[in-house]
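Enquirer: Dropping a structure here in structure tokens format, bear with me for questions.
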Amino acid sequence: MPGSKIMSLRLAVVLLLSVLLLTGATPEMDPYKILGVTRSASQAEIKKVYKRLAKEWHPDKNKNPGAEDMFIKITKSYEILSSEEKRANFDRYGQTDDTQPYGGGRYSHRQDNFYFDESFFNFPFNSKNHREFADSKYTLHFNQYTTDVVPDSYKRPYLIKITSDWCFSCIHIEPVWKEVVQEMETLGVGIGVVDVGYERRLANYLGAHRTPSILGVINGKVTFFHYAVAKEHLRQFVEDLLPQRLVERVTDKNDLQFLNSWHQLNKPHVLFFDQVPAVPLLYKLTAFAYKDYLQFGYVDQGLSETADLQKQFNINTYAPTMLVFKESTEKPADIIQAKGMKKQIIDEFMSNNKFLLAPRLVNQKLFNELCPVKQFHRRRKYCVLLITRDEETFTFGNQAFLLFASTNTKEVVRFAYVYQQLQQPLCDVLLQNKDSALSPPQVVILERRNAAGKAFFKPVTAWNGSDEDKQSLLEELERLQKDPSILVHDGILPELNNEFASMFVIRWIYASYDYLSEVMDDILHNNWREMMPLLSLIFSALFILFGTVVIQAFSDSSEDKQTKPKTKAGTKAENGSPETAASSRPPKKNFVEVTELTDITYMSNLVKLRPGHMNVVLVLTDASKNILLSKFAKEVYSFTGGLTLHFSFLNIDKHSEWMSMLLEYAHNAMQMEADEDDAGHHKMDYTGYVLALNGHKKYLCLFKPVYTGEDLDSKSSEDEGGASGGRSRSRSRDDQPPRRSNRSRSISTLQIHHKLDRLGLWMERLMEGTLPRYYIPAWPGLDKITPCK
């Protein structure tokens with residue numbers, strides 16, 4: 001029997017979904033109807049129904065032509081109902097994300113906000129192309145990311161997508177992602193995919209807390225993509241990841257300055273010639289990959305300022321051209337020209353021209369690449385090293401050594417030079433611990449044996465650049481090819497100083513800038529939602545601080561008005577010193593946030609209050625504002641622990657019409673007017689009244705002020721009348737002639753001060769739900785201000 005009920009229920013749900021699918025139902029999707037659950041369904045019930053329907057309508061299992069659309073609706077419905085915020089929004093306003101505008105700006109300020117144009121809305125659930133373009137080819141694991149991707153990101157940027165199963169938004173971006181991956185991978189950009197369901201650890205490590213997310217990794221740093229998911233934006237995102245000034249613009253005015261900097265930078269220089277005004281992304285990626293070895297420049301052939309360069313090097317204007325310049329700036333060392341530049345061709349071209357003919361040893365990394373450690377007998381690599389200085393007197397010898405290197409290029413021999421004063425420890429070892437600072441330039445042949453620094457070497461000859469020196473060095477190289485044992489000396493070479501290392505202060509500034517940039521990016525984009533509790537705490541603390549100062553000022557002024565007249569009159573309370581002592585104490589500092597109910601805050605503080613929330617409103621005048629606010633804040637402070645009560649005040653001098661209209665709506669509340677005596681046909685005094693307003697259910701609870709405090713020693717008719725309630729006090733004040741003495745002002749102040757004496761008891765009954773409720777058909781408007789009379 002239970003099985004038949006389940007089958008009947010399933011059949012009913014299927015029929016309902018089929019009708020909705022075929023008829024289009026309503027323009028706005030109802031997730032409750034699509035999933036077939038009630039509005040009171042729990043999260044467990046919704047999840048259970050979703051899993052069953054997802055399996056039933058998955059396009060891979062259901063061959064119904066409308067299965068794909070229905071599956072998308074089911075997924076979107078679950079996405080709405082599984083989120084308490086989205087569900088509450090739908091319950092209240094009947095709106096889903098599909099009926100809300102995505103936003104007018106081009107950029108988003110949260111990492112999980114993606115915008116889609118019309119080209120995105122195709123869903124490759126069950127298509128053959130989707131299966132061929134499998135993300136498994138690019139799937140990343142945590143160890144793979146840390147050991148492969150991060151080190152490789154110093155040579156090329158990575159584009160990584162964070163996705164998960166049944167991610168509705170992931171379906172939208174899939175066609176664009178596929179197209180971008182196919183293009184970027186051919187340019188040399190690394191691609192990665194992280195499935196949150198299988199690699200939650202890596203997703204958290206990257207800081208990706210929403211799917212889909214797209215991020216870039218370069219130089220080990222993670223940057224999130226925050227723009228519209230379009231091909232052009234992703235391409236621009238990759239370009240923005242690259243450092244600035246990777247490629248310098250070169251024209252006829254600065255070409256010599258660019259090419260002549262080879263000596264200072266100790267790098268070959270590459271010139272790109274092309275007809276497009278912007279530097280192609282392929283060139284930028286190449287410049288980033290070889291930034292440690294080559295200096296790159298770009299020549300726009302469409303500019304008239306580059307005509308002399310094109311003529312000088314005989315550049316073909318119909319095909320992109322790349323020239324490599326080494327020590328000579330007049331003639332390129334190598335050239336490549338092709339209509340369709342491919343990454344593989346460019347990489348091979350760059351790898352063959354990474355070093356100058358005779359570079360200067362400026363750091364250990366360059367030394368390791370120029371003079372690698374011996375691995376096999378047939379793969380010996382020898383370094384011919386000139387130990388010299390950079391004074392002008394050594395220029396001729398240095399140029400002669402460069403000329404010798406350019407005419408004796410061999411695969412097993414590399415030429416280099418080193419400045420003695422900059423690499424003193426190395427020179428001391430190679431010159432057999434002589435005082436190298438006083439020795440003449442020397443040529444040394446060496447062979448490295450292991451990574452620990454062991455090397456065999458032989459000082460060949462002093463070097464002045466003469467023909468005899470060149471001949472002697474040539475003979476030694478020929479002997480070396482026949483007999484490697486001529487390297488008779490051995491030693492441990494120290495690690496080279498990094499001559500291009502920046503100063504500590506500069507490194508610290510760059511590191512601080514990167515850190516601050518990352519923090520700002522987290523605040524504005526990646527972790528805005530995570531930063532909200534901290535920001536909320538900071539602003540709450542500031543608000544409480546300034547609010548305390550304001551209320552303290554109100555309280556001080558009211559207490560001063562009460563105590564000073566008493567002191568002058570020399571009076572005491574009936575019960576003796578305790579009340580006098582209490583009045584002399586400083587006011588308590590337990591306060592609550594009280595906002596004014598105006599036409600600006602009326603909608604948010606009353607009309608659109610969430611279900612279960614209530615606004616407690618104090619009615620006051622300009623004259624009684626300071627005293628009543630201070631008393632009100634102290635009386636209700638103990639009830640501020642929850643989040644469902646809000647506290648406001650209404651200025652009856654401005655909005656008396658609203659008060660009258662509200663009480664006119666609440667017919668039962670109008671019994672207060674029946675309590676007036678025959679002579680009391682005057683206007684009601686609402687000062688000190690408190691309204692508990694439930695904006696959602698449209699009812700109010702009413703507190704009428706009752707005077708219970710003790711008066712001064714001398715009993716008066718005013719005091720006796722004040723003890724009977726607000727009505728009697730009003731009449732007494734009307735009957736008595738106005739007096740301007742300090743004693744009169746003190747009595748009036750005490751009467752206002754004691755109007756809220758029983759508010760605490762009333763608040764307890766309000767929290768218990770035992771107060772009478774007065775329902776109204778609709779909240780009156782607060783847009784009008786009562787004119788002053």
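A note on labels: chains of the structure tokens are A, B, ... as shown, every chain counts residues from 1, and ligands are counted from 1 in their shown order.
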Using only C-alpha atoms, which residues sit within 12 Å of Arg39 of chain A once same-chain residues fewer than 6 positions away are excluded, as a PyMOL selection string?

Expert: chain A and resi 30-33+45-46+81+87-88+90-92

Enquirer: Emit the selected residues as a short mmCIF file (atom, residue, chain, number, x, y, z; two decimals), in the first residue's frame, including all heavy atoms.

Expert:
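Okay, this is what ended up in result.cif:
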data_model
loop_
_atom_site.label_atom_id
_atom_site.label_comp_id
_atom_site.auth_asym_id
_atom_site.auth_seq_id
_atom_site.Cartn_x
_atom_site.Cartn_y
_atom_site.Cartn_z
N ASP A 30 7.78 29.09 -10.53
CA ASP A 30 7.41 28.79 -9.14
C ASP A 30 8.17 27.54 -8.72
O ASP A 30 7.82 26.43 -9.14
CB ASP A 30 5.90 28.57 -9.02
CG ASP A 30 5.46 28.45 -7.56
OD1 ASP A 30 6.33 28.21 -6.70
OD2 ASP A 30 4.26 28.58 -7.29
N PRO A 31 9.21 27.67 -7.91
CA PRO A 31 10.01 26.49 -7.56
C PRO A 31 9.24 25.46 -6.75
O PRO A 31 9.52 24.27 -6.84
CB PRO A 31 11.17 27.10 -6.74
CG PRO A 31 10.67 28.43 -6.27
CD PRO A 31 9.73 28.91 -7.31
N TYR A 32 8.25 25.90 -5.97
CA TYR A 32 7.47 24.94 -5.19
C TYR A 32 6.67 24.02 -6.11
O TYR A 32 6.60 22.80 -5.89
CB TYR A 32 6.53 25.68 -4.24
CG TYR A 32 7.23 26.42 -3.13
CD1 TYR A 32 7.41 27.80 -3.20
CD2 TYR A 32 7.70 25.75 -2.02
CE1 TYR A 32 8.04 28.49 -2.18
CE2 TYR A 32 8.35 26.43 -0.99
CZ TYR A 32 8.51 27.80 -1.07
OH TYR A 32 9.14 28.46 -0.06
N LYS A 33 6.05 24.61 -7.15
CA LYS A 33 5.25 23.79 -8.08
C LYS A 33 6.14 22.87 -8.90
O LYS A 33 5.77 21.73 -9.17
CB LYS A 33 4.46 24.72 -9.01
CG LYS A 33 3.36 25.49 -8.30
CD LYS A 33 2.57 26.35 -9.28
CE LYS A 33 1.46 27.12 -8.57
NZ LYS A 33 0.69 27.97 -9.52
N GLU A 45 13.20 17.48 3.14
CA GLU A 45 12.19 17.03 2.15
C GLU A 45 12.51 17.59 0.76
O GLU A 45 12.40 16.88 -0.24
CB GLU A 45 10.81 17.50 2.61
CG GLU A 45 10.33 16.84 3.90
CD GLU A 45 9.03 17.44 4.40
OE1 GLU A 45 8.63 18.50 3.86
OE2 GLU A 45 8.42 16.87 5.30
N ILE A 46 12.90 18.86 0.72
CA ILE A 46 13.22 19.48 -0.58
C ILE A 46 14.41 18.78 -1.23
O ILE A 46 14.41 18.49 -2.43
CB ILE A 46 13.50 20.97 -0.40
CG1 ILE A 46 12.22 21.69 0.03
CG2 ILE A 46 14.05 21.60 -1.67
CD1 ILE A 46 12.43 23.15 0.40
N LEU A 81 15.28 27.19 -3.40
CA LEU A 81 14.70 26.73 -2.14
C LEU A 81 15.74 26.23 -1.15
O LEU A 81 15.48 26.18 0.05
CB LEU A 81 13.69 25.61 -2.43
CG LEU A 81 12.48 26.01 -3.30
CD1 LEU A 81 11.51 24.85 -3.42
CD2 LEU A 81 11.78 27.24 -2.72
N ARG A 87 14.94 31.76 -0.72
CA ARG A 87 13.61 31.24 -0.46
C ARG A 87 12.74 32.29 0.21
O ARG A 87 11.57 32.48 -0.16
CB ARG A 87 13.71 29.99 0.41
CG ARG A 87 12.37 29.30 0.66
CD ARG A 87 12.55 28.03 1.45
NE ARG A 87 11.30 27.35 1.69
CZ ARG A 87 11.17 26.20 2.36
NH1 ARG A 87 12.27 25.62 2.85
NH2 ARG A 87 10.00 25.63 2.54
N ALA A 88 13.31 33.00 1.20
CA ALA A 88 12.56 34.06 1.87
C ALA A 88 12.20 35.18 0.90
O ALA A 88 11.11 35.75 0.96
CB ALA A 88 13.36 34.60 3.05
N PHE A 90 11.66 34.85 -2.30
CA PHE A 90 10.57 34.38 -3.16
C PHE A 90 9.25 34.35 -2.39
O PHE A 90 8.20 34.73 -2.92
CB PHE A 90 10.89 32.99 -3.71
CG PHE A 90 9.80 32.43 -4.59
CD1 PHE A 90 9.72 32.78 -5.92
CD2 PHE A 90 8.85 31.56 -4.08
CE1 PHE A 90 8.72 32.28 -6.73
CE2 PHE A 90 7.85 31.06 -4.87
CZ PHE A 90 7.78 31.42 -6.20
N ASP A 91 9.28 33.89 -1.14
CA ASP A 91 8.06 33.83 -0.35
C ASP A 91 7.45 35.22 -0.14
O ASP A 91 6.24 35.38 -0.13
CB ASP A 91 8.35 33.18 1.00
CG ASP A 91 8.67 31.70 0.87
OD1 ASP A 91 8.33 31.12 -0.18
OD2 ASP A 91 9.28 31.12 1.80
N ARG A 92 8.32 36.21 0.02
CA ARG A 92 7.84 37.55 0.34
C ARG A 92 7.41 38.32 -0.90
O ARG A 92 6.37 38.97 -0.94
CB ARG A 92 8.93 38.34 1.06
CG ARG A 92 8.44 39.66 1.63
CD ARG A 92 9.55 40.37 2.37
NE ARG A 92 10.14 39.51 3.37
CZ ARG A 92 11.29 39.77 3.98
NH1 ARG A 92 11.96 40.85 3.66
NH2 ARG A 92 11.77 38.94 4.89
#

Enquirer: Got a sec: who's within 8 Å of Val616 of chain A, counting only C-alpha atoms, leaving out chain neighbours fewer than 4 positions off, as a PDB file with N, CA and C atoms, in the first residue's frame?

Expert:
ATOM      1  N   LEU A 645      13.188  42.756  17.933  1.00  0.00           N
ATOM      2  CA  LEU A 645      12.646  44.028  18.377  1.00  0.00           C
ATOM      3  C   LEU A 645      13.479  45.185  17.834  1.00  0.00           C
ATOM      4  N   HIS A 646      12.798  46.191  17.312  1.00  0.00           N
ATOM      5  CA  HIS A 646      13.445  47.412  16.849  1.00  0.00           C
ATOM      6  C   HIS A 646      12.838  48.580  17.635  1.00  0.00           C
ATOM      7  N   PHE A 647      13.630  49.595  17.883  1.00  0.00           N
ATOM      8  CA  PHE A 647      13.187  50.697  18.737  1.00  0.00           C
ATOM      9  C   PHE A 647      13.310  52.017  17.978  1.00  0.00           C
ATOM     10  N   SER A 648      12.216  52.790  18.000  1.00  0.00           N
ATOM     11  CA  SER A 648      12.171  54.059  17.283  1.00  0.00           C
ATOM     12  C   SER A 648      11.408  55.075  18.137  1.00  0.00           C
ATOM     13  N   VAL A 690       3.544  54.652  23.990  1.00  0.00           N
ATOM     14  CA  VAL A 690       4.449  53.722  23.314  1.00  0.00           C
ATOM     15  C   VAL A 690       3.617  52.763  22.483  1.00  0.00           C
ATOM     16  N   LEU A 691       3.978  52.606  21.204  1.00  0.00           N
ATOM     17  CA  LEU A 691       3.266  51.716  20.276  1.00  0.00           C
ATOM     18  C   LEU A 691       4.179  50.560  19.887  1.00  0.00           C
ATOM     19  N   ALA A 692       3.682  49.351  20.052  1.00  0.00           N
ATOM     20  CA  ALA A 692       4.391  48.172  19.544  1.00  0.00           C
ATOM     21  C   ALA A 692       3.720  47.776  18.238  1.00  0.00           C
ATOM     22  N   LEU A 693       4.426  47.996  17.108  1.00  0.00           N
ATOM     23  CA  LEU A 693       3.837  47.846  15.779  1.00  0.00           C
ATOM     24  C   LEU A 693       4.378  46.599  15.095  1.00  0.00           C
TER      25      LEU A 693
END

Enquirer: Excluding segment 247-252 of chain A and residues on its chain fewer than 2 positions from it, collect all residues at most 6 Å away from it, counting only C-alpha atoms, and give them as JSON, numbers by chain.

Expert: {"A": [245, 254, 255, 296, 297, 298, 299, 305, 306]}

Enquirer: Restricting the output to all heavy atoms, write the selected residues as a PDB file, in the first residue's frame.

Expert:
ATOM      1  N   ARG A 245      54.880  46.683 -18.993  1.00  0.00           N
ATOM      2  CA  ARG A 245      56.150  46.991 -19.674  1.00  0.00           C
ATOM      3  C   ARG A 245      56.976  45.740 -19.954  1.00  0.00           C
ATOM      4  O   ARG A 245      58.204  45.761 -19.886  1.00  0.00           O
ATOM      5  CB  ARG A 245      56.982  47.982 -18.846  1.00  0.00           C
ATOM      6  CG  ARG A 245      56.315  49.338 -18.684  1.00  0.00           C
ATOM      7  CD  ARG A 245      57.247  50.327 -18.010  1.00  0.00           C
ATOM      8  NE  ARG A 245      58.455  50.523 -18.788  1.00  0.00           N
ATOM      9  CZ  ARG A 245      58.562  51.365 -19.808  1.00  0.00           C
ATOM     10  NH1 ARG A 245      57.514  52.078 -20.192  1.00  0.00           N
ATOM     11  NH2 ARG A 245      59.700  51.498 -20.455  1.00  0.00           N
ATOM     12  N   ASN A 254      63.761  55.966 -30.540  1.00  0.00           N
ATOM     13  CA  ASN A 254      64.369  55.295 -29.385  1.00  0.00           C
ATOM     14  C   ASN A 254      64.970  53.938 -29.712  1.00  0.00           C
ATOM     15  O   ASN A 254      65.239  53.139 -28.823  1.00  0.00           O
ATOM     16  CB  ASN A 254      63.339  55.144 -28.266  1.00  0.00           C
ATOM     17  CG  ASN A 254      62.184  54.227 -28.653  1.00  0.00           C
ATOM     18  OD1 ASN A 254      61.985  53.949 -29.833  1.00  0.00           O
ATOM     19  ND2 ASN A 254      61.433  53.770 -27.676  1.00  0.00           N
ATOM     20  N   ASP A 255      65.148  53.608 -30.990  1.00  0.00           N
ATOM     21  CA  ASP A 255      65.653  52.279 -31.353  1.00  0.00           C
ATOM     22  C   ASP A 255      67.097  52.081 -30.887  1.00  0.00           C
ATOM     23  O   ASP A 255      67.448  51.008 -30.370  1.00  0.00           O
ATOM     24  CB  ASP A 255      65.529  52.052 -32.865  1.00  0.00           C
ATOM     25  CG  ASP A 255      66.308  53.082 -33.665  1.00  0.00           C
ATOM     26  OD1 ASP A 255      66.366  54.238 -33.225  1.00  0.00           O
ATOM     27  OD2 ASP A 255      66.859  52.724 -34.719  1.00  0.00           O
ATOM     28  N   PHE A 296      62.447  42.605 -24.779  1.00  0.00           N
ATOM     29  CA  PHE A 296      61.544  42.598 -25.916  1.00  0.00           C
ATOM     30  C   PHE A 296      61.076  44.006 -26.262  1.00  0.00           C
ATOM     31  O   PHE A 296      60.775  44.817 -25.384  1.00  0.00           O
ATOM     32  CB  PHE A 296      60.324  41.715 -25.626  1.00  0.00           C
ATOM     33  CG  PHE A 296      60.660  40.255 -25.493  1.00  0.00           C
ATOM     34  CD1 PHE A 296      61.104  39.739 -24.285  1.00  0.00           C
ATOM     35  CD2 PHE A 296      60.554  39.410 -26.578  1.00  0.00           C
ATOM     36  CE1 PHE A 296      61.417  38.405 -24.153  1.00  0.00           C
ATOM     37  CE2 PHE A 296      60.865  38.073 -26.457  1.00  0.00           C
ATOM     38  CZ  PHE A 296      61.302  37.562 -25.244  1.00  0.00           C
ATOM     39  N   GLY A 297      61.004  44.246 -27.569  1.00  0.00           N
ATOM     40  CA  GLY A 297      60.478  45.503 -28.085  1.00  0.00           C
ATOM     41  C   GLY A 297      59.504  45.231 -29.215  1.00  0.00           C
ATOM     42  O   GLY A 297      59.585  44.189 -29.890  1.00  0.00           O
ATOM     43  N   TYR A 298      58.566  46.162 -29.437  1.00  0.00           N
ATOM     44  CA  TYR A 298      57.549  45.993 -30.477  1.00  0.00           C
ATOM     45  C   TYR A 298      57.550  47.200 -31.402  1.00  0.00           C
ATOM     46  O   TYR A 298      57.573  48.359 -30.948  1.00  0.00           O
ATOM     47  CB  TYR A 298      56.167  45.828 -29.851  1.00  0.00           C
ATOM     48  CG  TYR A 298      55.069  45.650 -30.871  1.00  0.00           C
ATOM     49  CD1 TYR A 298      54.948  44.461 -31.585  1.00  0.00           C
ATOM     50  CD2 TYR A 298      54.160  46.679 -31.127  1.00  0.00           C
ATOM     51  CE1 TYR A 298      53.942  44.296 -32.528  1.00  0.00           C
ATOM     52  CE2 TYR A 298      53.154  46.525 -32.065  1.00  0.00           C
ATOM     53  CZ  TYR A 298      53.058  45.323 -32.763  1.00  0.00           C
ATOM     54  OH  TYR A 298      52.072  45.156 -33.707  1.00  0.00           O
ATOM     55  N   VAL A 299      57.529  46.915 -32.703  1.00  0.00           N
ATOM     56  CA  VAL A 299      57.520  47.952 -33.730  1.00  0.00           C
ATOM     57  C   VAL A 299      56.208  47.850 -34.500  1.00  0.00           C
ATOM     58  O   VAL A 299      55.935  46.825 -35.138  1.00  0.00           O
ATOM     59  CB  VAL A 299      58.719  47.808 -34.693  1.00  0.00           C
ATOM     60  CG1 VAL A 299      58.678  48.904 -35.752  1.00  0.00           C
ATOM     61  CG2 VAL A 299      60.029  47.843 -33.926  1.00  0.00           C
ATOM     62  N   GLU A 305      56.400  56.735 -37.850  1.00  0.00           N
ATOM     63  CA  GLU A 305      57.611  56.882 -37.042  1.00  0.00           C
ATOM     64  C   GLU A 305      58.501  55.657 -37.059  1.00  0.00           C
ATOM     65  O   GLU A 305      59.592  55.669 -36.493  1.00  0.00           O
ATOM     66  CB  GLU A 305      57.238  57.195 -35.583  1.00  0.00           C
ATOM     67  CG  GLU A 305      56.572  58.539 -35.375  1.00  0.00           C
ATOM     68  CD  GLU A 305      55.071  58.466 -35.611  1.00  0.00           C
ATOM     69  OE1 GLU A 305      54.604  57.393 -36.059  1.00  0.00           O
ATOM     70  OE2 GLU A 305      54.374  59.474 -35.352  1.00  0.00           O
ATOM     71  N   THR A 306      58.047  54.554 -37.685  1.00  0.00           N
ATOM     72  CA  THR A 306      58.860  53.331 -37.748  1.00  0.00           C
ATOM     73  C   THR A 306      59.342  53.025 -39.159  1.00  0.00           C
ATOM     74  O   THR A 306      59.889  51.949 -39.409  1.00  0.00           O
ATOM     75  CB  THR A 306      58.051  52.129 -37.215  1.00  0.00           C
ATOM     76  OG1 THR A 306      56.904  51.925 -38.060  1.00  0.00           O
ATOM     77  CG2 THR A 306      57.589  52.369 -35.789  1.00  0.00           C
TER      78      THR A 306
END

Enquirer: Might you pull out every residue within 10 Å of Phe349 of chain A, with only C-alpha atoms counted and same-chain residues fewer than 5 positions away left off, and present them as a PDB file with N, CA, C and O atoms, in the first residue's frame?

Expert:
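What follows is the written file selection_18.pdb:
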ATOM      1  N   MET A 322      60.542  38.743 -36.589  1.00  0.00           N
ATOM      2  CA  MET A 322      61.212  38.817 -35.298  1.00  0.00           C
ATOM      3  C   MET A 322      62.715  38.851 -35.543  1.00  0.00           C
ATOM      4  O   MET A 322      63.250  38.003 -36.258  1.00  0.00           O
ATOM      5  N   LEU A 323      63.390  39.829 -34.947  1.00  0.00           N
ATOM      6  CA  LEU A 323      64.844  39.968 -35.058  1.00  0.00           C
ATOM      7  C   LEU A 323      65.465  39.875 -33.676  1.00  0.00           C
ATOM      8  O   LEU A 323      64.940  40.448 -32.712  1.00  0.00           O
ATOM      9  N   VAL A 324      66.596  39.175 -33.575  1.00  0.00           N
ATOM     10  CA  VAL A 324      67.344  39.075 -32.326  1.00  0.00           C
ATOM     11  C   VAL A 324      68.678  39.787 -32.499  1.00  0.00           C
ATOM     12  O   VAL A 324      69.427  39.501 -33.440  1.00  0.00           O
ATOM     13  N   ASP A 334      69.928  36.826 -35.510  1.00  0.00           N
ATOM     14  CA  ASP A 334      69.032  35.795 -36.052  1.00  0.00           C
ATOM     15  C   ASP A 334      67.728  36.469 -36.433  1.00  0.00           C
ATOM     16  O   ASP A 334      67.382  37.546 -35.925  1.00  0.00           O
ATOM     17  N   ILE A 335      66.993  35.845 -37.355  1.00  0.00           N
ATOM     18  CA  ILE A 335      65.751  36.427 -37.870  1.00  0.00           C
ATOM     19  C   ILE A 335      64.774  35.316 -38.189  1.00  0.00           C
ATOM     20  O   ILE A 335      65.165  34.219 -38.604  1.00  0.00           O
ATOM     21  N   ILE A 336      63.490  35.594 -37.955  1.00  0.00           N
ATOM     22  CA  ILE A 336      62.430  34.659 -38.318  1.00  0.00           C
ATOM     23  C   ILE A 336      61.265  35.480 -38.858  1.00  0.00           C
ATOM     24  O   ILE A 336      60.929  36.532 -38.322  1.00  0.00           O
ATOM     25  N   LYS A 343      53.380  29.166 -31.773  1.00  0.00           N
ATOM     26  CA  LYS A 343      54.094  29.194 -30.499  1.00  0.00           C
ATOM     27  C   LYS A 343      55.318  28.286 -30.523  1.00  0.00           C
ATOM     28  O   LYS A 343      56.376  28.627 -29.985  1.00  0.00           O
ATOM     29  N   GLN A 344      55.202  27.113 -31.138  1.00  0.00           N
ATOM     30  CA  GLN A 344      56.325  26.181 -31.164  1.00  0.00           C
ATOM     31  C   GLN A 344      57.523  26.773 -31.907  1.00  0.00           C
ATOM     32  O   GLN A 344      58.669  26.632 -31.477  1.00  0.00           O
ATOM     33  N   LYS A 354      69.023  32.632 -26.321  1.00  0.00           N
ATOM     34  CA  LYS A 354      68.797  33.087 -24.948  1.00  0.00           C
ATOM     35  C   LYS A 354      69.978  33.892 -24.391  1.00  0.00           C
ATOM     36  O   LYS A 354      69.792  34.685 -23.463  1.00  0.00           O
TER      37      LYS A 354
END

Enquirer: Out of A:Pro440, A:Tyr689, A:Val189, A:Glu768, which residue has the shortest atom-to-atom distance to Phe394 of chain A when counting only C-alpha atoms?

Expert: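 Of the candidates, the smallest distance to Phe394 of chain A is held by A:Pro440.
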
Enquirer: Taking only C-alpha atoms into account, which of A:Phe142, A:Tyr198, A:Phe224, A:Val49 comes nearest Ile160 of chain A?

Expert: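 Counting only C-alpha atoms, the residue closest to Ile160 of chain A is A:Phe224.
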
Enquirer: Sorted by chain and rising residue number, list the residues of segment 286-366 of chain A at most 10 Å from segment 262-273 of chain A (counting only C-alpha atoms), each with its closest atom pair and distance in Å to one decimal, as CSV.

Expert:
residue,atom,partner,partner_atom,distance
A:Ala287,CA,A:Val270,CA,9.3
A:Lys291,CA,A:Lys267,CA,9.6
A:Asp292,CA,A:Lys267,CA,8.4
A:Tyr293,CA,A:Lys267,CA,5.9
A:Leu294,CA,A:Pro268,CA,5.3
A:Gln295,CA,A:His269,CA,4.7
A:Phe296,CA,A:Val270,CA,4.8
A:Gly297,CA,A:Leu271,CA,4.8
A:Tyr298,CA,A:Phe272,CA,4.7
A:Val299,CA,A:Phe273,CA,4.9
A:Asp300,CA,A:Phe273,CA,6.3
A:Gln301,CA,A:Phe273,CA,6.4
A:Gly302,CA,A:Phe273,CA,9.9
A:Thr306,CA,A:Phe273,CA,9.7
A:Leu309,CA,A:Phe273,CA,9.7
A:Gln310,CA,A:Phe273,CA,8.3
A:Ile315,CA,A:Phe273,CA,7.8
A:Asn316,CA,A:Phe273,CA,9.0
A:Thr317,CA,A:Phe273,CA,8.4
A:Ala319,CA,A:Phe273,CA,8.5
A:Pro320,CA,A:Phe273,CA,5.6
A:Thr321,CA,A:Phe273,CA,5.0
A:Met322,CA,A:Phe272,CA,4.8
A:Leu323,CA,A:Leu271,CA,5.2
A:Val324,CA,A:Val270,CA,4.6
A:Phe325,CA,A:His269,CA,5.1
A:Lys326,CA,A:Pro268,CA,4.6
A:Glu327,CA,A:Trp262,CA,6.9
A:Ser328,CA,A:Trp262,CA,9.2
A:Thr329,CA,A:Trp262,CA,9.0
A:Pro332,CA,A:Val270,CA,9.2
A:Ala333,CA,A:Pro268,CA,9.3
A:Asp334,CA,A:Val270,CA,9.6
A:Ile335,CA,A:Val270,CA,9.6
A:Ile336,CA,A:Phe272,CA,10.0
A:Gln337,CA,A:Phe273,CA,9.4
A:Met350,CA,A:Val270,CA,9.0
A:Asn353,CA,A:Pro268,CA,7.5
A:Lys354,CA,A:Pro268,CA,7.0
A:Phe355,CA,A:Pro268,CA,6.4
A:Leu356,CA,A:Pro268,CA,5.8
A:Leu357,CA,A:Pro268,CA,9.1
A:Ala358,CA,A:Asn266,CA,9.5
A:Pro359,CA,A:Asn266,CA,6.3
A:Arg360,CA,A:Asn266,CA,6.6
A:Leu361,CA,A:Asn266,CA,8.9
A:Val362,CA,A:Asn266,CA,8.4

Enquirer: Fewer than 6 positions away in the same chain doesn't count, so skip those; otherwise give me all residues within 9 Å of segment 658-667 of chain A, counting only C-alpha atoms, as a PyMOL selection string.

Expert: chain A and resi 652+686+699-700+774-782+784-786

Enquirer: With distances taken over only C-alpha atoms, which of A:Val176, A:Val706, A:Ile214, A:Met29 is nearest to Thr163 of chain A?

Expert: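 With only C-alpha atoms as the atom set, the closest residue is A:Ile214.
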
Enquirer: Looking at A:Asn626, A:Ser472, A:Thr395, A:Ser485, which one is nearest to Lys458 of chain A, with distances taken over only C-alpha atoms?

Expert: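 Ranked by minimum distance to Lys458 of chain A, first place goes to A:Ser485.
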
Enquirer: Which residues are near Lys76 of chain A? Cut-off 12 Å, only C-alpha atoms, ignore same chain within fewer than 5 positions. Put them as a list in words.

Expert: Met29, Asp30, Pro31, Tyr32, Ile34, Leu35, Tyr50, Ala54, Asp69, Met70, Phe71, Leu81, Ser82, Ser83, Lys86, Arg87, Thr96, Asp97, Asp98, Trp166, Cys167, Phe168, Ser169 and Ile171 of chain A

Enquirer: Please indicate the distance in Å from atom CA of Leu759 of chain A to atom CA of Phe632 of chain A, rounded to one decimal place.

Expert: 8.1 Å

Enquirer: Check the DSSP output for the backbone and give back, as a ChimeraX atom specification, the residues of segment 315-439 of chain A in alpha helix (DSSP H).

Expert: /A:343-351,364-370,395-407,424-430
